[in-house]
>>> print(open('upload-v1.txt').read())   # compact mmCIF, C-alpha atoms
# COMPACT_ATOMS: atom_id res chain seq x y z
CA MET V 11 -4.21 -23.95 46.49
CA SER V 12 -7.17 -26.26 45.77
CA ALA V 13 -7.70 -27.98 42.44
CA SER V 14 -10.92 -26.06 41.89
CA ALA V 15 -9.14 -22.74 42.39
CA THR V 16 -6.44 -23.79 39.96
CA GLU V 17 -9.01 -24.73 37.35
CA ALA V 18 -10.90 -21.47 37.82
CA LYS V 19 -7.88 -19.28 37.31
CA PRO V 20 -7.65 -19.49 33.48
CA SER V 21 -11.33 -18.62 33.06
CA SER V 22 -10.81 -15.38 35.01
CA ARG V 23 -8.41 -14.04 32.39
CA ILE V 24 -9.71 -11.42 29.99
CA PRO V 25 -9.88 -13.00 26.51
CA LYS V 26 -7.61 -11.44 23.91
CA VAL V 27 -9.57 -9.49 21.32
CA PRO V 28 -8.40 -10.33 17.76
CA PHE V 29 -6.68 -7.46 16.01
CA TRP V 30 -9.18 -7.49 13.13
CA ALA V 31 -12.01 -7.12 15.68
CA GLN V 32 -10.17 -4.17 17.25
CA ILE V 33 -9.95 -2.58 13.80
CA VAL V 34 -13.65 -3.09 13.13
CA ALA V 35 -14.49 -1.67 16.56
CA GLY V 36 -12.37 1.38 15.81
CA LEU V 37 -14.12 1.80 12.46
CA VAL V 38 -17.58 1.65 14.02
CA LEU V 39 -16.58 3.93 16.89
CA GLY V 40 -15.11 6.47 14.45
CA VAL V 41 -18.30 6.55 12.38
CA LEU V 42 -20.43 7.00 15.51
CA LEU V 43 -18.25 9.71 17.06
CA GLY V 44 -17.88 11.52 13.74
CA TRP V 45 -21.65 11.55 13.24
CA ILE V 46 -22.23 12.84 16.78
CA ALA V 47 -19.56 15.52 16.44
CA ARG V 48 -20.94 16.77 13.15
CA SER V 49 -24.69 16.49 13.82
CA GLN V 50 -24.51 17.93 17.34
CA ASP V 51 -21.70 20.37 16.51
CA VAL V 52 -19.52 19.15 19.42
CA ALA V 53 -16.39 21.26 18.96
CA TRP V 54 -14.13 19.42 21.41
CA LEU V 55 -15.03 16.02 19.89
CA LYS V 56 -14.36 17.31 16.38
CA GLU V 57 -10.94 18.56 17.43
CA THR V 58 -10.15 15.32 19.27
CA LEU V 59 -10.98 13.16 16.24
CA ILE V 60 -8.95 15.40 13.95
CA GLN V 61 -5.95 15.31 16.30
CA VAL V 62 -6.10 11.55 16.90
CA GLY V 63 -6.27 10.79 13.18
CA GLY V 64 -3.52 13.30 12.41
CA ILE V 65 -1.19 11.94 15.09
CA PHE V 66 -1.59 8.37 13.84
CA VAL V 67 -0.73 9.36 10.26
CA GLN V 68 2.19 11.46 11.51
CA LEU V 69 3.57 8.53 13.48
CA LEU V 70 3.42 6.37 10.36
CA LYS V 71 5.13 9.06 8.29
CA LEU V 72 7.81 9.48 10.94
CA ALA V 73 9.09 5.99 10.18
CA VAL V 74 8.70 6.18 6.40
CA ALA V 75 11.96 7.88 5.37
CA PRO V 76 14.46 5.77 7.35
CA LEU V 77 12.38 2.60 6.86
CA VAL V 78 12.37 2.97 3.07
CA PHE V 79 16.09 3.75 2.93
CA PHE V 80 17.27 0.81 5.03
CA ALA V 81 14.65 -1.61 3.67
CA ILE V 82 15.71 -0.95 0.06
CA LEU V 83 19.42 -0.99 0.93
CA VAL V 84 19.18 -4.27 2.85
CA SER V 85 16.85 -5.83 0.27
CA ILE V 86 19.32 -5.17 -2.55
CA THR V 87 22.25 -6.55 -0.57
CA ASN V 88 20.20 -9.62 0.37
CA LEU V 89 20.11 -10.51 -3.31
CA ARG V 90 23.70 -11.68 -2.94
CA LYS V 91 22.24 -14.68 -1.07
CA VAL V 92 20.00 -15.57 -4.02
CA ASN V 93 21.09 -17.48 -7.10
CA ASN V 94 19.95 -15.89 -10.39
CA ALA V 95 18.98 -12.71 -8.54
CA ALA V 96 18.79 -10.71 -11.78
CA ARG V 97 16.27 -13.17 -13.16
CA LEU V 98 14.12 -12.92 -10.04
CA ALA V 99 14.24 -9.13 -10.14
CA ALA V 100 13.30 -9.07 -13.83
CA GLN V 101 10.40 -11.50 -13.25
CA THR V 102 9.19 -9.34 -10.36
CA LEU V 103 9.23 -6.18 -12.46
CA LEU V 104 7.51 -7.96 -15.36
CA TRP V 105 4.63 -9.17 -13.19
CA PHE V 106 4.31 -5.74 -11.59
CA MET V 107 3.78 -4.33 -15.07
CA ILE V 108 1.38 -7.10 -16.19
CA THR V 109 -0.91 -6.74 -13.18
CA SER V 110 -0.84 -2.93 -13.48
CA LEU V 111 -1.93 -3.14 -17.13
CA VAL V 112 -4.81 -5.46 -16.23
CA ALA V 113 -5.86 -3.15 -13.37
CA VAL V 114 -5.83 -0.01 -15.51
CA ALA V 115 -7.80 -1.80 -18.23
CA ILE V 116 -10.46 -2.69 -15.67
CA GLY V 117 -10.54 0.91 -14.44
CA ILE V 118 -11.00 2.31 -17.95
CA THR V 119 -13.68 -0.25 -18.80
CA ILE V 120 -15.71 0.51 -15.67
CA GLY V 121 -15.39 4.25 -16.32
CA LEU V 122 -16.63 3.91 -19.91
CA VAL V 123 -19.58 1.75 -18.86
CA THR V 124 -20.77 3.81 -15.88
CA ASN V 125 -19.91 7.42 -16.87
CA PRO V 126 -19.08 8.44 -13.26
CA GLY V 127 -19.01 12.18 -14.02
CA ALA V 128 -22.52 12.29 -15.48
CA GLY V 129 -25.41 13.54 -13.37
CA THR V 130 -23.31 14.57 -10.37
CA GLY V 131 -24.34 18.21 -10.38
CA LEU V 132 -20.67 19.15 -10.09
CA THR V 133 -19.19 21.85 -12.32
CA PRO V 134 -15.63 22.99 -13.10
CA ALA V 135 -16.17 25.80 -10.59
CA ASP V 136 -16.31 23.21 -7.79
CA GLY V 137 -12.70 22.21 -8.38
CA LYS V 138 -9.48 23.89 -7.41
CA ALA V 139 -5.88 23.31 -8.44
CA PRO V 140 -3.77 21.30 -5.98
CA GLU V 141 -0.89 22.94 -4.13
CA GLY V 142 1.54 20.36 -5.47
CA LYS V 143 1.47 18.50 -8.76
CA GLY V 144 3.33 15.85 -10.65
CA SER V 145 4.77 16.15 -14.13
CA TRP V 146 7.13 14.03 -16.18
CA ILE V 147 9.87 16.65 -15.87
CA ASP V 148 9.42 16.78 -12.10
CA PHE V 149 9.27 13.00 -11.99
CA LEU V 150 12.46 12.44 -13.98
CA THR V 151 14.53 15.29 -12.56
CA GLY V 152 13.16 14.69 -9.08
CA ILE V 153 14.69 11.23 -8.84
CA ILE V 154 18.19 12.58 -8.17
CA PRO V 155 18.43 14.62 -4.93
CA THR V 156 20.45 17.82 -4.62
CA ASP V 157 21.73 16.73 -1.20
CA VAL V 158 21.39 13.77 1.15
CA ILE V 159 19.36 15.53 3.87
CA THR V 160 16.46 17.20 2.04
CA PRO V 161 14.80 13.96 0.79
CA PHE V 162 14.45 12.84 4.41
CA THR V 163 13.21 16.17 5.77
CA GLU V 164 10.75 16.69 2.89
CA LEU V 165 9.83 12.99 2.68
CA ASN V 166 10.66 12.61 -1.01
CA VAL V 167 10.41 8.83 -1.13
CA LEU V 168 11.49 8.55 -4.76
CA GLN V 169 14.81 10.25 -3.99
CA ILE V 170 15.25 8.12 -0.87
CA VAL V 171 14.75 4.99 -2.97
CA PHE V 172 17.36 6.27 -5.45
CA MET V 173 19.95 6.87 -2.72
CA ALA V 174 19.23 3.51 -1.08
CA ALA V 175 19.57 1.71 -4.41
CA VAL V 176 22.90 3.39 -5.11
CA ALA V 177 24.16 2.55 -1.60
CA GLY V 178 22.97 -1.06 -1.91
CA ILE V 179 24.63 -1.62 -5.30
CA ALA V 180 27.84 -0.02 -4.03
CA ALA V 181 27.79 -2.31 -0.99
CA LEU V 182 27.43 -5.32 -3.27
CA GLN V 183 30.44 -4.17 -5.29
CA LEU V 184 32.54 -3.67 -2.15
CA GLY V 185 31.85 -7.16 -0.88
CA GLU V 186 33.30 -8.00 2.53
CA LYS V 187 34.54 -4.44 3.09
CA ALA V 188 30.93 -3.29 3.35
CA GLN V 189 29.91 -5.97 5.86
CA PRO V 190 30.11 -3.68 8.94
CA ILE V 191 27.77 -1.19 7.24
CA LEU V 192 25.41 -3.96 6.19
CA SER V 193 25.29 -5.39 9.72
CA LEU V 194 24.54 -1.93 11.10
CA SER V 195 21.87 -1.36 8.44
CA GLU V 196 20.17 -4.68 9.23
CA SER V 197 20.14 -3.81 12.94
CA ILE V 198 18.69 -0.35 12.27
CA LEU V 199 16.04 -1.89 10.02
CA GLU V 200 15.04 -4.34 12.77
CA LEU V 201 14.88 -1.44 15.24
CA LEU V 202 12.69 0.63 12.91
CA GLN V 203 10.37 -2.29 12.27
CA LYS V 204 10.03 -2.92 15.99
CA ALA V 205 9.15 0.73 16.61
CA LEU V 206 6.69 0.68 13.71
CA TRP V 207 4.96 -2.34 15.23
CA TRP V 208 4.15 -0.20 18.25
CA VAL V 209 2.52 2.32 15.92
CA ILE V 210 0.66 -0.46 14.11
CA ARG V 211 -0.82 -1.63 17.40
CA LEU V 212 -2.43 1.82 17.66
CA ALA V 213 -4.26 1.27 14.37
CA PRO V 214 -7.71 0.71 16.01
CA ILE V 215 -7.43 4.12 17.73
CA GLY V 216 -6.03 5.71 14.58
CA THR V 217 -8.89 4.21 12.56
CA ALA V 218 -11.48 5.79 14.84
CA GLY V 219 -9.77 9.16 14.49
CA LEU V 220 -9.33 8.99 10.70
CA ILE V 221 -12.88 7.84 9.94
CA GLY V 222 -14.33 10.29 12.44
CA LYS V 223 -12.22 13.08 10.95
CA ALA V 224 -13.50 12.30 7.44
CA ILE V 225 -17.13 12.40 8.58
CA VAL V 226 -16.58 15.61 10.60
CA ASN V 227 -14.97 17.37 7.63
CA TYR V 228 -17.23 16.16 4.84
CA GLY V 229 -20.32 14.46 6.22
CA TRP V 230 -22.40 11.83 4.46
CA ASP V 231 -24.35 14.15 2.17
CA LEU V 232 -21.26 14.77 0.04
CA LEU V 233 -21.06 11.09 -0.94
CA GLY V 234 -24.28 11.38 -2.91
CA LYS V 235 -22.59 13.45 -5.62
CA TYR V 236 -19.77 10.94 -5.86
CA ALA V 237 -21.83 7.77 -5.44
CA THR V 238 -21.09 6.35 -8.90
CA PHE V 239 -17.41 7.25 -8.78
CA THR V 240 -16.97 5.82 -5.27
CA ALA V 241 -18.78 2.62 -6.27
CA ASP V 242 -16.63 2.38 -9.41
CA VAL V 243 -13.40 2.57 -7.40
CA TYR V 244 -14.57 -0.06 -4.92
CA ILE V 245 -15.92 -2.34 -7.66
CA GLY V 246 -12.73 -1.96 -9.71
CA CYS V 247 -10.51 -2.76 -6.74
CA ALA V 248 -12.77 -5.69 -5.78
CA LEU V 249 -12.54 -7.12 -9.31
CA VAL V 250 -8.75 -6.97 -9.16
CA LEU V 251 -8.57 -8.28 -5.58
CA PHE V 252 -11.09 -11.09 -5.86
CA GLY V 253 -11.11 -11.72 -9.60
CA VAL V 254 -7.76 -11.06 -11.25
CA TYR V 255 -5.52 -12.04 -8.33
CA PRO V 256 -7.22 -15.41 -7.64
CA LEU V 257 -7.20 -16.18 -11.37
CA LEU V 258 -3.43 -15.54 -11.55
CA LEU V 259 -2.82 -17.61 -8.43
CA ALA V 260 -4.84 -20.53 -9.78
CA THR V 261 -3.55 -20.49 -13.38
CA VAL V 262 -0.03 -19.04 -13.21
CA ALA V 263 1.17 -19.93 -9.71
CA LYS V 264 -1.08 -23.03 -9.55
CA VAL V 265 -1.83 -22.56 -5.86
CA ASN V 266 -5.04 -22.23 -3.83
CA PRO V 267 -6.22 -18.57 -3.94
CA VAL V 268 -8.13 -18.92 -0.66
CA GLN V 269 -4.90 -19.77 1.13
CA PHE V 270 -3.32 -16.59 -0.22
CA PHE V 271 -6.03 -14.40 1.27
CA LYS V 272 -5.88 -16.27 4.56
CA GLY V 273 -2.16 -15.70 4.83
CA ALA V 274 -2.15 -12.13 3.52
CA TRP V 275 -5.20 -10.96 5.51
CA PRO V 276 -3.25 -9.22 8.35
CA ALA V 277 -1.47 -6.98 5.82
CA ILE V 278 -4.60 -6.30 3.73
CA GLN V 279 -6.71 -5.25 6.72
CA LEU V 280 -3.96 -3.01 8.10
CA ALA V 281 -3.52 -1.39 4.69
CA PHE V 282 -7.25 -0.68 4.53
CA VAL V 283 -7.25 1.34 7.74
CA SER V 284 -3.74 2.85 7.69
CA ARG V 285 -3.88 3.91 4.00
CA SER V 286 -0.10 3.53 3.77
CA SER V 287 1.70 0.88 1.74
CA VAL V 288 5.04 1.77 3.33
CA GLY V 289 3.56 1.81 6.83
CA THR V 290 2.19 -1.69 6.19
CA MET V 291 5.44 -2.94 4.63
CA PRO V 292 6.78 -4.88 7.67
CA VAL V 293 3.50 -6.79 7.94
CA THR V 294 3.40 -7.37 4.18
CA GLN V 295 6.88 -8.85 4.25
CA ARG V 296 6.06 -11.15 7.15
CA VAL V 297 2.85 -12.48 5.58
CA THR V 298 4.68 -12.99 2.28
CA GLU V 299 7.30 -15.09 4.06
CA ARG V 300 4.52 -16.94 5.88
CA LEU V 301 3.04 -17.79 2.47
CA GLY V 302 6.21 -19.69 1.62
CA VAL V 303 8.23 -17.06 -0.25
CA PRO V 304 11.94 -17.34 0.64
CA LYS V 305 12.96 -14.65 3.11
CA GLU V 306 15.88 -13.42 0.99
CA TYR V 307 13.65 -12.86 -2.02
CA ALA V 308 10.73 -11.45 -0.02
CA SER V 309 13.03 -8.89 1.62
CA PHE V 310 13.75 -7.55 -1.88
CA ALA V 311 10.37 -7.88 -3.59
CA VAL V 312 8.15 -6.42 -0.86
CA PRO V 313 10.08 -3.15 -0.22
CA PHE V 314 10.47 -2.76 -3.98
CA GLY V 315 6.72 -3.27 -4.39
CA ALA V 316 5.81 -0.95 -1.51
CA THR V 317 7.34 1.96 -3.42
CA THR V 318 6.41 1.03 -7.00
CA LYS V 319 3.55 -1.52 -7.06
CA MET V 320 0.25 0.40 -6.87
CA ASP V 321 -2.63 -1.34 -8.67
CA GLY V 322 -5.16 0.68 -6.66
CA CYS V 323 -3.57 4.13 -6.45
CA ALA V 324 -1.69 4.13 -9.75
CA ALA V 325 -3.91 2.08 -12.07
CA ILE V 326 -7.61 1.79 -11.21
CA TYR V 327 -7.98 5.16 -9.49
CA PRO V 328 -6.25 7.50 -11.98
CA ALA V 329 -8.02 5.79 -14.90
CA LEU V 330 -11.44 6.32 -13.33
CA ALA V 331 -10.54 9.78 -12.06
CA ALA V 332 -9.37 10.93 -15.49
CA ILE V 333 -12.68 9.82 -17.04
CA PHE V 334 -14.64 11.43 -14.19
CA ILE V 335 -12.81 14.77 -14.50
CA ALA V 336 -13.00 14.75 -18.31
CA GLN V 337 -16.78 14.37 -18.11
CA ILE V 338 -17.12 17.18 -15.55
CA PHE V 339 -15.02 19.51 -17.71
CA ASP V 340 -16.68 18.26 -20.93
CA VAL V 341 -13.43 17.02 -22.49
CA GLN V 342 -13.61 14.13 -24.96
CA LEU V 343 -11.12 11.30 -24.46
CA GLY V 344 -10.09 9.06 -27.35
CA VAL V 345 -8.06 5.90 -27.86
CA LYS V 346 -4.80 7.86 -27.64
CA GLU V 347 -5.76 9.26 -24.23
CA TYR V 348 -6.69 5.83 -22.88
CA LEU V 349 -3.36 4.41 -24.06
CA LEU V 350 -1.62 7.32 -22.33
CA ILE V 351 -3.46 6.48 -19.10
CA ALA V 352 -2.17 2.90 -19.34
CA PHE V 353 1.36 4.14 -20.06
CA VAL V 354 1.38 6.51 -17.08
CA SER V 355 -0.04 3.82 -14.80
CA VAL V 356 2.74 1.36 -15.62
CA ILE V 357 5.71 3.72 -15.90
CA GLY V 358 4.81 6.45 -13.43
CA SER V 359 3.49 4.37 -10.54
CA ALA V 360 6.67 4.99 -8.54
CA ALA V 361 5.52 8.60 -8.21
CA THR V 362 2.94 7.50 -5.64
CA ALA V 363 5.84 6.40 -3.42
CA GLY V 364 3.73 4.31 -1.07
CA LEU V 365 2.46 7.28 0.91
CA THR V 366 -1.07 8.04 1.99
CA GLY V 367 -3.01 9.40 -0.96
CA ALA V 368 -2.53 9.28 -4.75
CA THR V 369 -2.69 13.00 -5.60
CA VAL V 370 0.76 13.06 -7.21
CA MET V 371 -0.12 10.15 -9.49
CA LEU V 372 -3.44 11.75 -10.43
CA THR V 373 -1.85 15.10 -11.29
CA LEU V 374 0.80 13.27 -13.33
CA THR V 375 -1.98 11.52 -15.28
CA LEU V 376 -4.01 14.70 -15.78
CA SER V 377 -1.01 16.75 -16.92
CA THR V 378 -0.06 14.01 -19.41
CA LEU V 379 -3.61 14.01 -20.82
CA GLY V 380 -3.85 17.81 -20.80
CA LEU V 381 -6.84 17.77 -18.43
CA PRO V 382 -7.38 20.65 -15.97
CA LEU V 383 -5.57 20.07 -12.67
CA GLU V 384 -8.48 21.80 -10.95
CA GLY V 385 -10.21 18.46 -11.31
CA VAL V 386 -8.06 17.12 -8.47
CA GLY V 387 -9.92 19.42 -6.09
CA LEU V 388 -13.18 17.72 -7.00
CA LEU V 389 -11.95 14.43 -5.57
CA MET V 390 -10.05 15.53 -2.47
CA ALA V 391 -13.19 15.55 -0.30
CA ILE V 392 -13.77 11.79 -0.65
CA ASP V 393 -10.12 10.76 -0.95
CA PRO V 394 -9.90 9.17 2.54
CA ILE V 395 -12.84 6.87 1.74
CA LEU V 396 -11.32 5.85 -1.60
CA ASP V 397 -7.80 5.50 -0.27
CA MET V 398 -8.72 2.65 2.06
CA ILE V 399 -9.67 0.20 -0.71
CA ARG V 400 -6.92 1.52 -3.01
CA THR V 401 -4.21 0.81 -0.45
CA ALA V 402 -5.64 -2.61 0.41
CA THR V 403 -5.43 -3.47 -3.30
CA ASN V 404 -1.88 -2.13 -3.51
CA VAL V 405 -0.68 -4.26 -0.60
CA ALA V 406 -2.43 -7.42 -1.80
CA GLY V 407 -0.62 -7.00 -5.12
CA GLN V 408 2.69 -6.44 -3.35
CA ALA V 409 2.29 -9.84 -1.65
CA LEU V 410 0.84 -11.54 -4.73
CA VAL V 411 3.71 -11.00 -7.16
CA PRO V 412 6.43 -12.60 -4.96
CA VAL V 413 4.16 -15.65 -4.56
CA ILE V 414 3.64 -15.89 -8.33
CA VAL V 415 7.33 -15.46 -9.13
CA SER V 416 8.40 -17.93 -6.41
CA ALA V 417 5.93 -20.51 -7.68
CA ARG V 418 7.05 -20.09 -11.30
CA GLU V 419 10.71 -20.34 -10.31
CA LYS V 420 10.02 -23.38 -8.10
CA ILE V 421 11.30 -21.80 -4.89
CA LEU V 422 7.93 -21.46 -3.14
CA ASP V 423 7.56 -23.52 0.04
CA HIS V 424 4.21 -25.14 -0.74
CA THR V 425 3.92 -26.67 2.72
CA ALA V 426 4.19 -23.25 4.34
CA TYR V 427 1.74 -21.83 1.79
CA GLU V 428 -0.88 -24.49 2.47
CA ASN V 429 -0.51 -23.98 6.23
CA ALA V 430 -0.72 -20.18 6.13
CA SER V 431 -3.41 -18.83 8.43
CA ALA V 432 -5.20 -15.54 8.98
CA SER V 433 -3.85 -15.26 12.52
CA PRO V 434 -2.38 -11.84 13.34
CA ILE V 435 1.36 -11.24 13.23
CA ASP V 436 2.25 -9.95 16.68
CA GLY V 437 5.69 -8.57 15.96
CA PRO V 438 8.55 -8.38 13.45
CA GLU V 439 10.00 -11.62 14.74
CA ASP V 440 6.71 -13.50 14.21
CA ALA V 441 7.33 -15.03 10.81
CA ARG V 442 8.17 -18.27 9.15
CA GLU V 443 11.78 -19.22 9.68
CA ALA V 444 13.83 -18.62 6.57
CA ALA V 445 14.42 -21.62 4.38
CA PRO V 446 17.97 -22.39 3.21
CA GLU V 447 20.60 -19.70 3.30
CA LYS V 448 21.02 -19.95 -0.45
CA VAL V 449 17.90 -19.78 -2.62
CA ALA V 450 18.21 -21.76 -5.81
CA VAL V 451 16.28 -20.88 -8.93
CA ALA V 452 15.47 -23.45 -11.54
CA ALA V 453 17.22 -22.94 -14.82
>>> encode(input="upload-v1.txt", output="structure tokens")
Amino acid sequence: MSASATEAKPSSRIPKVPFWAQIVAGLVLGVLLGWIARSQDVAWLKETLIQVGGIFVQLLKLAVAPLVFFAILVSITNLRKVNNAARLAAQTLLWFMITSLVAVAIGITIGLVTNPGAGTGLTPADGKAPEGKGSWIDFLTGIIPTDVITPFTELNVLQIVFMAAVAGIAALQLGEKAQPILSLSESILELLQKALWWVIRLAPIGTAGLIGKAIVNYGWDLLGKYATFTADVYIGCALVLFGVYPLLLATVAKVNPVQFFKGAWPAIQLAFVSRSSVGTMPVTQRVTERLGVPKEYASFAVPFGATTKMDGCAAIYPALAAIFIAQIFDVQLGVKEYLLIAFVSVIGSAATAGLTGATVMLTLTLSTLGLPLEGVGLLMAIDPILDMIRTATNVAGQALVPVIVSAREKILDHTAYENASASPIDGPEDAREAAPEKVAVAA
């Protein structure tokens, strides 16, 4: 073979399209196809978009139950490799609560300033009660399952987390006797993550289907009535994402905020299109490790956050939604009600369970405030549009807190953090190699 032929060979290869570009292409294609299907009334295209979007979400949900169980179980048992594990866990929970309080305060403030329910033309008659709802009794009694099968078949993530936590703590107590189970659990978790990566690679196609489905079902004209509310949700999430989080990184963790977004970008963009914190969890964990968080700690903090840390779905959104619905139904909210919103956001965020949508959290908030649950029906039409930015905010927060805690406890690998890039993570094995087997925490 001649030298010229050898040199020409690489240029003949098709360049690899970056994953973010595939996502954007899917987004644009979905908007275009959805507009065509709706404006031209193309029945087969409508059905195709609906089916494609539905299949993608179903594939994500298929992995949720076993992924949550084994991720929580393994994450708890991994704490045995970490010195002062209780302190790390307490710090993680504390910062979850602090950032949730800040997020809900921003949501309430924006709602009070903009009055999102005013001038919409919507009336109480436009709403309808949801099929399912959340209440404190359901929340508290629903934690403990009646059997070990139903939580998996009905996808009750809160009960799955409970069972996984019990199994993980029991395994820690058993010590070496539980090692065969732990080894099996770690292998199953790796298997599930590998399978989920295949689903994640379908995200550009799923994005086209989901966006197209939303446009087919609701069209653009509907957004006019919800323009202020939609803008409020996006502005609130943007303030948390690009205001609060960088401020915490710069002042508390004392690290470069730009580097955080570079490293966390693969998880944030996937969360935006998939609308699932749990579905994004493997990517979130890998980018968190890539940002210099010790693997043993990240494997606890990220799964824990994916089921409880919801600044978008459980803080900003329910605060704004409660104000929006109260204005539609002409109900006056006072200081007590706003404090209740903050309380529900911090304590009840686990009710969202990392799944697509925040209906359960919203109904929990409304029932606590005594607002009509029919108000949920007013917001269901635009929920897919809102859920994208909500979930992106959730996932960014789930990566942020481990970075903050690691930096404060002096276990963050600053070299890895400074070298973190926005390059895509191609598989579950594509991550920073774990630092020392034993993670030490400063006294």
>>> closest_residue(input="upload-v1.txt", among="V:Val38, V:Ile191, V:Ile159, V:Ile118", to="Phe80 of chain V", atoms="only C-alpha atoms")
V:Ile191
>>> closest_residue(input="upload-v1.txt", among="V:Leu422, V:Ala53, V:Val62, V:Val268", to="Lys223 of chain V", atoms="all atoms listed in the file")
V:Val62
>>> atom_distance(input="upload-v1.txt", atom1="atom CA of Leu379 of chain V", atom2="atom CA of Asp397 of chain V")
22.6 Å
>>> closest_residue(input="upload-v1.txt", among="V:Gln337, V:Thr294, V:Thr375, V:Asn125", to="Ala402 of chain V", atoms="only C-alpha atoms")
V:Thr294
>>> residues_near_point(input="upload-v1.txt", point="(13.1, -7.9, -2.1)", cutoff="8 Å", atoms="all atoms listed in the file", output="list in words")
Ile82, Ser85, Ile86, Asn88, Leu89, Glu306, Tyr307, Ala308, Ser309, Phe310, Ala311, Val312, Pro313 and Phe314 of chain V
>>> closest_residue(input="upload-v1.txt", among="V:Val84, V:Leu43, V:Ile338, V:Glu419", to="Leu194 of chain V", atoms="all atoms listed in the file")
V:Val84
>>> closest_residue(input="upload-v1.txt", among="V:Ala75, V:Leu258, V:Ala113, V:Ile198", to="Tyr327 of chain V", atoms="all atoms listed in the file")
V:Ala113
>>> residues_near_point(input="upload-v1.txt", point="(-4.2, 2.1, -17.9)", cutoff="7 Å", atoms="all atoms listed in the file", output="list in words")
Leu111, Val114, Ala115, Ile118, Ala325, Ala329, Tyr348, Leu349, Ile351, Ala352, Phe353 and Ser355 of chain V
>>> closest_residue(input="upload-v1.txt", among="V:Ile65, V:Leu330, V:Val112, V:Leu122", to="Asp242 of chain V", atoms="only C-alpha atoms")
V:Leu330
>>> residues_around(input="upload-v1.txt", residues="Asn429 of chain V", least_positions_apart="6", cutoff="10 Å", atoms="all atoms listed in the file", output="VMD selection string")
chain V and resid 269 272 to 273 300 to 302
>>> atom_distance(input="upload-v1.txt", atom1="atom CA of Gln101 of chain V", atom2="atom CA of Met371 of chain V")
24.4 Å
>>> atom_distance(input="upload-v1.txt", atom1="atom CA of Gly178 of chain V", atom2="atom CA of Thr87 of chain V")
5.7 Å
>>> residues_around(input="upload-v1.txt", residues="segment 234-240 of chain V", least_positions_apart="6", cutoff="10 Å", atoms="only C-alpha atoms", output="JSON, numbers by chain")
{"V": [120, 121, 124, 125, 126, 127, 128, 129, 130, 131, 132, 246, 327, 330, 331, 333, 334, 388, 389, 391, 392, 393, 395, 396]}
>>> residues_around(input="upload-v1.txt", residues="Ala180 of chain V", least_positions_apart="5", cutoff="10 Å", atoms="only C-alpha atoms", output="ChimeraX atom specification")
/V:83,87,174-175,185,188
